[in-house]
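**Q** Input: one structure, supplied below.
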Amino acid sequence: MTRGMGTTPPPSVSAATVTGLLSEIAGTGTDALRGGYTRPVYSTAELDLRHWFIEQVTKRGLTVETDRNGAIWAWWDVPGGDRSNSLVTGSHLDSVPGGGAFDGPLGVASALVAVDILKARLATPTRPLAVVVFPEEEGSRFGVACLGSRLMTGAIDPDKARNLRDPDGSTFADVARANGLDPRFIGRDDKLLGQIGAFVELHVEQGRGLIDLNQPIAIASSILGHGRWRLSVQGQGNHAGTTLMADRHDPMVSASRMVVAIRDTARNQAHARATVGRLQPVPGGTNVIASRVDFWLDVRHPDDAVTAAVVESIHAQAQVIAAEEGCRVELREESLSPTVHFDPGLQKELQRALPQAPVLDTGAGHDAGVLAPFVPTAMVFVRNPSGVSHSPEEHVVDDDAETGAETLADALQGLMA
């Protein structure tokens with residue numbers, strides 16, 4: 001049986017199932033305007049989910065800690081408390097605006113159920129096990145994806161992170177401070193990194209690979225290289241009624257032409273993906289010719305050199321378009337993640353534990369990809385029968401959700417052997 005996140009589970013559904021856990025948070029962060037869920041980091045909705053997670057792991061007897069970068073860690077310790085060579089699993093709880101119900105929370109709920117399964121099988125773990133919730137994975141508030149894991153690994157400069165601003169103008173430092181962190185101490189955490197022996201992240205698949213293979217579970221091989229850039233088009237703000245068309249230097253027209261050029265550039269390069277999903281005119285009045293338009297570009301390709309070439313081509317075309325409209329344009333890199341190949345030894349271990357699972361790559365970024373250059377990482381994907389993600393149409397069948405948690409438990413137990 002399939003059941004959407006917004007429905008109330010029957011009394012027989014236990015909170016010890018993935019479906020039951022997700023049903024508990026189905027009303028948190030619903031977005032009446034966009035549909036789906038809007039749960040930016042440190043919003044009321046995301047904070048409610050963080051409290052829910054802490055309650056859940058406390059019920060399970062796990063030790064809860066929040067690191068200096070805002071990630072929550074729940075530990076099932078070995079006797080003696082040595083946390084070296086730990087197994088870590090988990091995901092995130094924040095969402096894109098109007099996102100689906102499973103992107104992030106599925107991995108967290110599955111990790112909790114996997115802990116339940118392992119506790120039923122094992123009196124004590126043979127390796128310490130942690131469930132982690134990373135903050136700002138989507139980058140929907142401060143513009144940098146996987147900010148929590150980037151800070152922990154040193155993949156982003158702490159000063160840059162402290163000065164990131166959300167759409168309301170609040171800095172990350174201010175927001176972090178208001179939520180109990182000391183922004184002076186954010187940044188690379190060598191002690192915590194040194195405790196991680198392996199990180200396995202379960203995530204809803206964000207494409208059609210498992211649909212086409214008619215399989216419920218896959219193991220990840222790699223993440224396509226991708227980055228985010230901001231283009232700022234400067235023009236001349238003016239009155240919409242008194243400025244003749246021939247006298248305009250309209251950055252909105254320039255930006256519109258650039259968006260079409262971006263699409264065409266990506267279409268002409270095999271396997272490239274380029275997206276403009278956010279555009280912000282300044283000042284944004286209906287009867288005002290904008291003085292500036294900012295828009296954000298996402299580019300992905302399996303070959304990092306091709307990604308760079310696509311962005312270079314887009315920038316060159318944008319400069320030509322801006323000049324033709326009497327405007328100017330600036331391009332700024334906001335984040336860049338090279339192609340990630342997951343640890344081959346860990347991948348083989350997962351294949352031994354999950355012999356029926358196909359191996360797939362993905363074009364979606366994840367905290368596991370940020371951690372990959374520093375610790376052995378792997379990912380497990382659960383089938384999404386809609387093939388749609390970052391949308392309310394994202395979906396997971398109940399049976400696949402439970403299979404995913406059992407699969408994760410099997411994989412973690414195999415790594416404990």
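If you're wondering about the labels, chains in the structure tokens are A, B, ... by order shown, residues count from 1 in each chain, ligands from 1 in order shown.
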So which residues of stretch 115-192 of chain A fall under strand (DSSP E) by DSSP, listed as a PyMOL selection string?
**A** chain A and resi 129-134
**Q** Give me, as CSV, the closest atom pair and its distance (Å, one decimal) for every residue of stretch 192-288 of chain A within a cut-off of 6 Å of stretch 73-89 of chain A, counting only C-alpha atoms, rows sorted by chain and rising number.
**A**
```
residue,atom,partner,partner_atom,distance
A:Gln195,CA,A:Ser84,CA,4.5
A:Ile196,CA,A:Ser86,CA,4.9
A:Gly197,CA,A:Asn85,CA,3.9
A:Ala198,CA,A:Leu87,CA,5.1
A:Phe199,CA,A:Val88,CA,4.7
A:Val200,CA,A:Thr89,CA,5.0
A:Glu201,CA,A:Thr89,CA,5.4
```
**Q** Could you name the residues that touch A:Phe342 at 9 Å or less, counting only C-alpha atoms, but leaving out those on the same chain fewer than 4 positions away, as a list in words?
**A** Ala220, Ser221, Ser222, Ile223, Leu346, Gln347, Ala368, Gly369, Ala372, Pro373, Pro376, Thr377, Ala378 and Met379 of chain A
**Q** Could the residues in this selection be written to a file with C-alpha atoms, as a short mmCIF file (atom, residue, chain, number, x, y, z; two decimals), in the first residue's frame?
**A**
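And here's again_30.cif as it stands now:
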```
data_model
loop_
_atom_site.label_atom_id
_atom_site.label_comp_id
_atom_site.auth_asym_id
_atom_site.auth_seq_id
_atom_site.Cartn_x
_atom_site.Cartn_y
_atom_site.Cartn_z
CA ALA A 220 25.73 4.92 -5.20
CA SER A 221 28.90 4.98 -7.26
CA SER A 222 29.47 8.72 -7.67
CA ILE A 223 28.02 12.23 -7.56
CA LEU A 346 33.21 0.54 1.26
CA GLN A 347 31.18 0.12 -1.92
CA ALA A 368 28.19 12.16 1.84
CA GLY A 369 29.83 13.77 -1.17
CA ALA A 372 34.10 11.68 0.72
CA PRO A 373 37.57 13.29 0.37
CA PRO A 376 35.22 6.53 3.53
CA THR A 377 31.66 7.27 2.43
CA ALA A 378 28.85 5.45 0.64
CA MET A 379 25.21 6.01 -0.20
#
```
**Q** Which is closest to A:Arg230 among A:Glu334, A:Glu312, A:Asp247, A:Glu205, if we use only C-alpha atoms?
**A** A:Glu334
**Q** Nearest residue to A:Val131 out of A:Val253, A:Leu202, A:Ile54, A:Leu112, using only C-alpha atoms?
**A**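 So, comparing all the options, the nearest one is A:Leu112.
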**Q** Skip A:Arg383 itself and residues of its chain fewer than 5 positions away, then list as a ChimeraX atom specification all residues within 9 Å of it, counting only C-alpha atoms.
**A** /A:204-211,214-218,395-397,400-401
**Q** For C-alpha atoms, I'd like the residues from the last selection saved as a PDB file, in the first residue's frame.
**A**
```pdb
ATOM      1  CA  VAL A 204      15.463   8.916  -1.622  1.00  0.00           C
ATOM      2  CA  GLU A 205      16.568   8.577  -5.247  1.00  0.00           C
ATOM      3  CA  GLN A 206      16.133  11.863  -7.056  1.00  0.00           C
ATOM      4  CA  GLY A 207      15.743  10.427 -10.523  1.00  0.00           C
ATOM      5  CA  ARG A 208      14.461   7.433 -12.488  1.00  0.00           C
ATOM      6  CA  GLY A 209      17.312   4.921 -12.215  1.00  0.00           C
ATOM      7  CA  LEU A 210      15.520   2.486  -9.900  1.00  0.00           C
ATOM      8  CA  ILE A 211      12.209   2.918 -11.712  1.00  0.00           C
ATOM      9  CA  ASN A 214      12.451  -2.097 -11.324  1.00  0.00           C
ATOM     10  CA  GLN A 215      14.532  -2.325  -8.153  1.00  0.00           C
ATOM     11  CA  PRO A 216      13.758  -0.863  -4.710  1.00  0.00           C
ATOM     12  CA  ILE A 217      17.332  -0.155  -3.542  1.00  0.00           C
ATOM     13  CA  ALA A 218      20.598   0.947  -5.166  1.00  0.00           C
ATOM     14  CA  HIS A 395       7.266   9.903  -3.234  1.00  0.00           C
ATOM     15  CA  VAL A 396       8.307   6.614  -1.639  1.00  0.00           C
ATOM     16  CA  VAL A 397       6.138   3.505  -1.345  1.00  0.00           C
ATOM     17  CA  ASP A 400      10.261   0.383  -0.128  1.00  0.00           C
ATOM     18  CA  ALA A 401      10.766   2.694   2.854  1.00  0.00           C
TER      19      ALA A 401
END
```
**Q** Using only C-alpha atoms, which residues of stretch 122-215 of chain A come within 7 Å of stretch 57-68 of chain A, and what is the closest atom pair for each, with the distance in Å to one decimal? Give it as JSON lines, sorted by chain and residue number.
**A**
```
{"residue": "A:Leu181", "atom": "CA", "partner": "A:Arg68", "partner_atom": "CA", "distance": 6.4}
{"residue": "A:Phe185", "atom": "CA", "partner": "A:Arg68", "partner_atom": "CA", "distance": 6.5}
{"residue": "A:Ile186", "atom": "CA", "partner": "A:Arg68", "partner_atom": "CA", "distance": 5.6}
```
**Q** Just write the chosen residues, N, CA and C atoms, as a PDB file, in the first residue's frame.
**A**
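Okay, result.pdb is ready:
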```pdb
ATOM      1  N   LEU A 181      24.787  28.472  18.959  1.00  0.00           N
ATOM      2  CA  LEU A 181      26.154  28.220  18.523  1.00  0.00           C
ATOM      3  C   LEU A 181      27.001  29.463  18.774  1.00  0.00           C
ATOM      4  N   PHE A 185      33.676  29.763  16.734  1.00  0.00           N
ATOM      5  CA  PHE A 185      34.308  28.449  16.753  1.00  0.00           C
ATOM      6  C   PHE A 185      33.827  27.527  15.630  1.00  0.00           C
ATOM      7  N   ILE A 186      33.028  28.052  14.688  1.00  0.00           N
ATOM      8  CA  ILE A 186      32.631  27.194  13.574  1.00  0.00           C
ATOM      9  C   ILE A 186      33.852  26.903  12.700  1.00  0.00           C
TER      10      ILE A 186
END
```
**Q** So that I can see what lies close to A:Gly107, please list as number ranges by chain the residues with an atom at most 8 Å from it, counting only C-alpha atoms and leaving out residues fewer than 2 positions away in the same chain.
**A** A: 90-92, 102-105, 109-111, 201-204
**Q** Can you work out which one of A:Arg39, A:Phe134, A:Glu393, A:Glu402 has the shortest atom-to-atom distance to A:Leu22, counting only C-alpha atoms?
**A**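 Nearest candidate to A:Leu22 out of A:Arg39, A:Phe134, A:Glu393, A:Glu402: A:Glu402.
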**Q** Would you please work out which residue, of A:Gln236, A:Ser254, A:Thr243, A:Ser335, is nearest to A:Gly143 when using only C-alpha atoms?
**A**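 Going through A:Gln236, A:Ser254, A:Thr243, A:Ser335 one by one, the smallest distance to A:Gly143 is for A:Ser335.
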**Q** Find the residues near A:His226: any atom within 12 Å, counting only C-alpha atoms, skip ones fewer than 5 places away on the same chain, and give them as an MDAnalysis selection string.
**A** chainID A and resid 145 272:275 297:308 310:311 333:340 362:366 369:370
**Q** Let me see the file: selected residues, C-alpha atoms, as a PDB file, in the first residue's frame.
**A**
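The result, stored in out.pdb:
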```pdb
ATOM      1  CA  ALA A 145      24.573  23.544   0.005  1.00  0.00           C
ATOM      2  CA  ALA A 272      25.306  18.793 -18.955  1.00  0.00           C
ATOM      3  CA  ARG A 273      22.561  20.176 -16.716  1.00  0.00           C
ATOM      4  CA  ALA A 274      22.135  23.908 -16.160  1.00  0.00           C
ATOM      5  CA  THR A 275      19.330  25.461 -14.148  1.00  0.00           C
ATOM      6  CA  LEU A 297      22.893  29.287 -11.740  1.00  0.00           C
ATOM      7  CA  ASP A 298      23.328  25.568 -11.014  1.00  0.00           C
ATOM      8  CA  VAL A 299      25.571  23.631 -13.439  1.00  0.00           C
ATOM      9  CA  ARG A 300      26.406  19.902 -13.318  1.00  0.00           C
ATOM     10  CA  HIS A 301      28.379  17.464 -15.464  1.00  0.00           C
ATOM     11  CA  PRO A 302      30.293  14.207 -14.824  1.00  0.00           C
ATOM     12  CA  ASP A 303      33.526  15.850 -16.073  1.00  0.00           C
ATOM     13  CA  ASP A 304      34.659  18.798 -13.953  1.00  0.00           C
ATOM     14  CA  ALA A 305      36.528  20.335 -16.886  1.00  0.00           C
ATOM     15  CA  VAL A 306      33.309  20.360 -18.897  1.00  0.00           C
ATOM     16  CA  THR A 307      31.451  21.979 -15.988  1.00  0.00           C
ATOM     17  CA  ALA A 308      34.042  24.767 -15.955  1.00  0.00           C
ATOM     18  CA  VAL A 310      30.026  25.390 -19.643  1.00  0.00           C
ATOM     19  CA  VAL A 311      30.146  28.099 -16.972  1.00  0.00           C
ATOM     20  CA  GLU A 333      31.048  31.450  -7.647  1.00  0.00           C
ATOM     21  CA  GLU A 334      29.143  30.583  -4.471  1.00  0.00           C
ATOM     22  CA  SER A 335      29.995  26.902  -4.151  1.00  0.00           C
ATOM     23  CA  LEU A 336      31.725  24.241  -6.227  1.00  0.00           C
ATOM     24  CA  SER A 337      31.862  20.497  -5.647  1.00  0.00           C
ATOM     25  CA  PRO A 338      33.988  18.328  -7.944  1.00  0.00           C
ATOM     26  CA  THR A 339      32.811  14.924  -9.124  1.00  0.00           C
ATOM     27  CA  VAL A 340      32.890  12.512  -6.187  1.00  0.00           C
ATOM     28  CA  THR A 362      23.556  10.591  -9.212  1.00  0.00           C
ATOM     29  CA  GLY A 363      23.394  14.206 -10.239  1.00  0.00           C
ATOM     30  CA  ALA A 364      22.241  15.337  -6.785  1.00  0.00           C
ATOM     31  CA  GLY A 365      24.643  16.641  -4.153  1.00  0.00           C
ATOM     32  CA  HIS A 366      24.744  15.222  -0.613  1.00  0.00           C
ATOM     33  CA  GLY A 369      29.834  13.772  -1.175  1.00  0.00           C
ATOM     34  CA  VAL A 370      31.360  16.536   0.939  1.00  0.00           C
TER      35      VAL A 370
END
```
**Q** Rounded to one decimal place, report the atom CA of A:Leu21-atom CA of A:Gln56 distance in Å.
**A**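 Value for the atom CA of A:Leu21-atom CA of A:Gln56 distance: 9.1 Å.
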**Q** When you count only C-alpha atoms, which of these residues is closest to A:Thr407: A:His315, A:Arg352, A:Arg150, A:Arg165?
**A**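 With only C-alpha atoms as the atom set, the closest residue is A:Arg352.
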**Q** Counting only C-alpha atoms, which residue out of A:Glu325, A:Asp166, A:Asp190, A:Asp410 sits closest to A:Asp250?
**A**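 Of the candidates, the smallest distance to A:Asp250 is held by A:Glu325.
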**Q** Based on the backbone DSSP call, show me all residues of stretch 101-310 of chain A assigned alpha helix (DSSP H), as an MDAnalysis selection string.
**A** chainID A and resid 105:121 147:153 158:162 172:178 190:195 209:213 251:267 304:310
**Q** Could you save those same residues with C-alpha atoms as a tab-separated table (two decimals), in the first residue's frame?
**A**
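Result file part.tsv:
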```tsv
chain	number	residue	atom	x	y	z
A	105	PRO	CA	13.85	12.98	6.49
A	106	LEU	CA	13.72	9.54	4.85
A	107	GLY	CA	17.41	9.04	5.64
A	108	VAL	CA	16.97	10.21	9.21
A	109	ALA	CA	13.89	8.06	9.90
A	110	SER	CA	15.53	5.05	8.22
A	111	ALA	CA	18.61	5.48	10.39
A	112	LEU	CA	16.45	5.48	13.53
A	113	VAL	CA	14.69	2.29	12.45
A	114	ALA	CA	18.04	0.73	11.51
A	115	VAL	CA	19.22	1.43	15.06
A	116	ASP	CA	16.08	-0.30	16.39
A	117	ILE	CA	16.78	-3.32	14.19
A	118	LEU	CA	20.43	-3.50	15.25
A	119	LYS	CA	19.55	-3.13	18.93
A	120	ALA	CA	17.20	-6.11	18.55
A	121	ARG	CA	20.00	-8.14	16.95
A	147	LEU	CA	27.01	24.00	4.81
A	148	GLY	CA	27.24	21.93	8.01
A	149	SER	CA	29.41	19.22	6.48
A	150	ARG	CA	31.46	21.81	4.56
A	151	LEU	CA	32.24	23.58	7.82
A	152	MET	CA	33.15	20.35	9.60
A	153	THR	CA	35.55	19.31	6.85
A	158	PRO	CA	34.61	30.02	8.35
A	159	ASP	CA	34.77	33.77	7.68
A	160	LYS	CA	32.89	33.27	4.42
A	161	ALA	CA	30.31	31.15	6.24
A	162	ARG	CA	29.90	33.69	9.06
A	172	PHE	CA	24.79	33.08	9.32
A	173	ALA	CA	26.80	34.24	12.34
A	174	ASP	CA	23.80	36.07	13.78
A	175	VAL	CA	21.40	33.20	13.12
A	176	ALA	CA	23.84	30.63	14.50
A	177	ARG	CA	24.37	32.69	17.64
A	178	ALA	CA	20.61	33.03	18.16
A	190	ASP	CA	39.55	17.36	13.14
A	191	LYS	CA	38.62	15.49	16.30
A	192	LEU	CA	35.16	14.62	15.03
A	193	LEU	CA	36.41	13.82	11.53
A	194	GLY	CA	39.02	11.52	13.04
A	195	GLN	CA	36.34	9.48	14.80
A	209	GLY	CA	17.31	4.92	-12.21
A	210	LEU	CA	15.52	2.49	-9.90
A	211	ILE	CA	12.21	2.92	-11.71
A	212	ASP	CA	13.80	1.85	-14.99
A	213	LEU	CA	15.55	-1.09	-13.31
A	251	PRO	CA	18.41	44.19	-16.49
A	252	MET	CA	15.29	42.00	-16.45
A	253	VAL	CA	15.36	41.77	-20.23
A	254	SER	CA	19.08	40.93	-20.10
A	255	ALA	CA	18.51	38.29	-17.42
A	256	SER	CA	15.63	36.75	-19.39
A	257	ARG	CA	17.80	36.41	-22.49
A	258	MET	CA	20.59	34.93	-20.40
A	259	VAL	CA	18.29	32.27	-18.95
A	260	VAL	CA	17.38	31.11	-22.46
A	261	ALA	CA	21.07	31.14	-23.47
A	262	ILE	CA	21.90	29.02	-20.40
A	263	ARG	CA	19.32	26.43	-21.43
A	264	ASP	CA	20.65	26.32	-24.99
A	265	THR	CA	24.27	26.02	-23.85
A	266	ALA	CA	23.46	23.02	-21.66
A	267	ARG	CA	21.43	21.38	-24.42
A	304	ASP	CA	34.66	18.80	-13.95
A	305	ALA	CA	36.53	20.34	-16.89
A	306	VAL	CA	33.31	20.36	-18.90
A	307	THR	CA	31.45	21.98	-15.99
A	308	ALA	CA	34.04	24.77	-15.96
A	309	ALA	CA	33.83	25.17	-19.73
A	310	VAL	CA	30.03	25.39	-19.64
```
**Q** Write out as a VMD selection string each polymer residue whose atoms come within 7 Å of stretch 326-329 of chain A, counting only C-alpha atoms; drop sequence neighbours fewer than 6 positions from it.
**A** chain A and resid 231 to 235 249 251 318 to 319
**Q** What gap, in Å, lies between atom CA of A:Ala270 and atom CA of A:Phe381?
**A**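 Straight-line distance from atom CA of A:Ala270 to atom CA of A:Phe381 works out to 24.8 Å.
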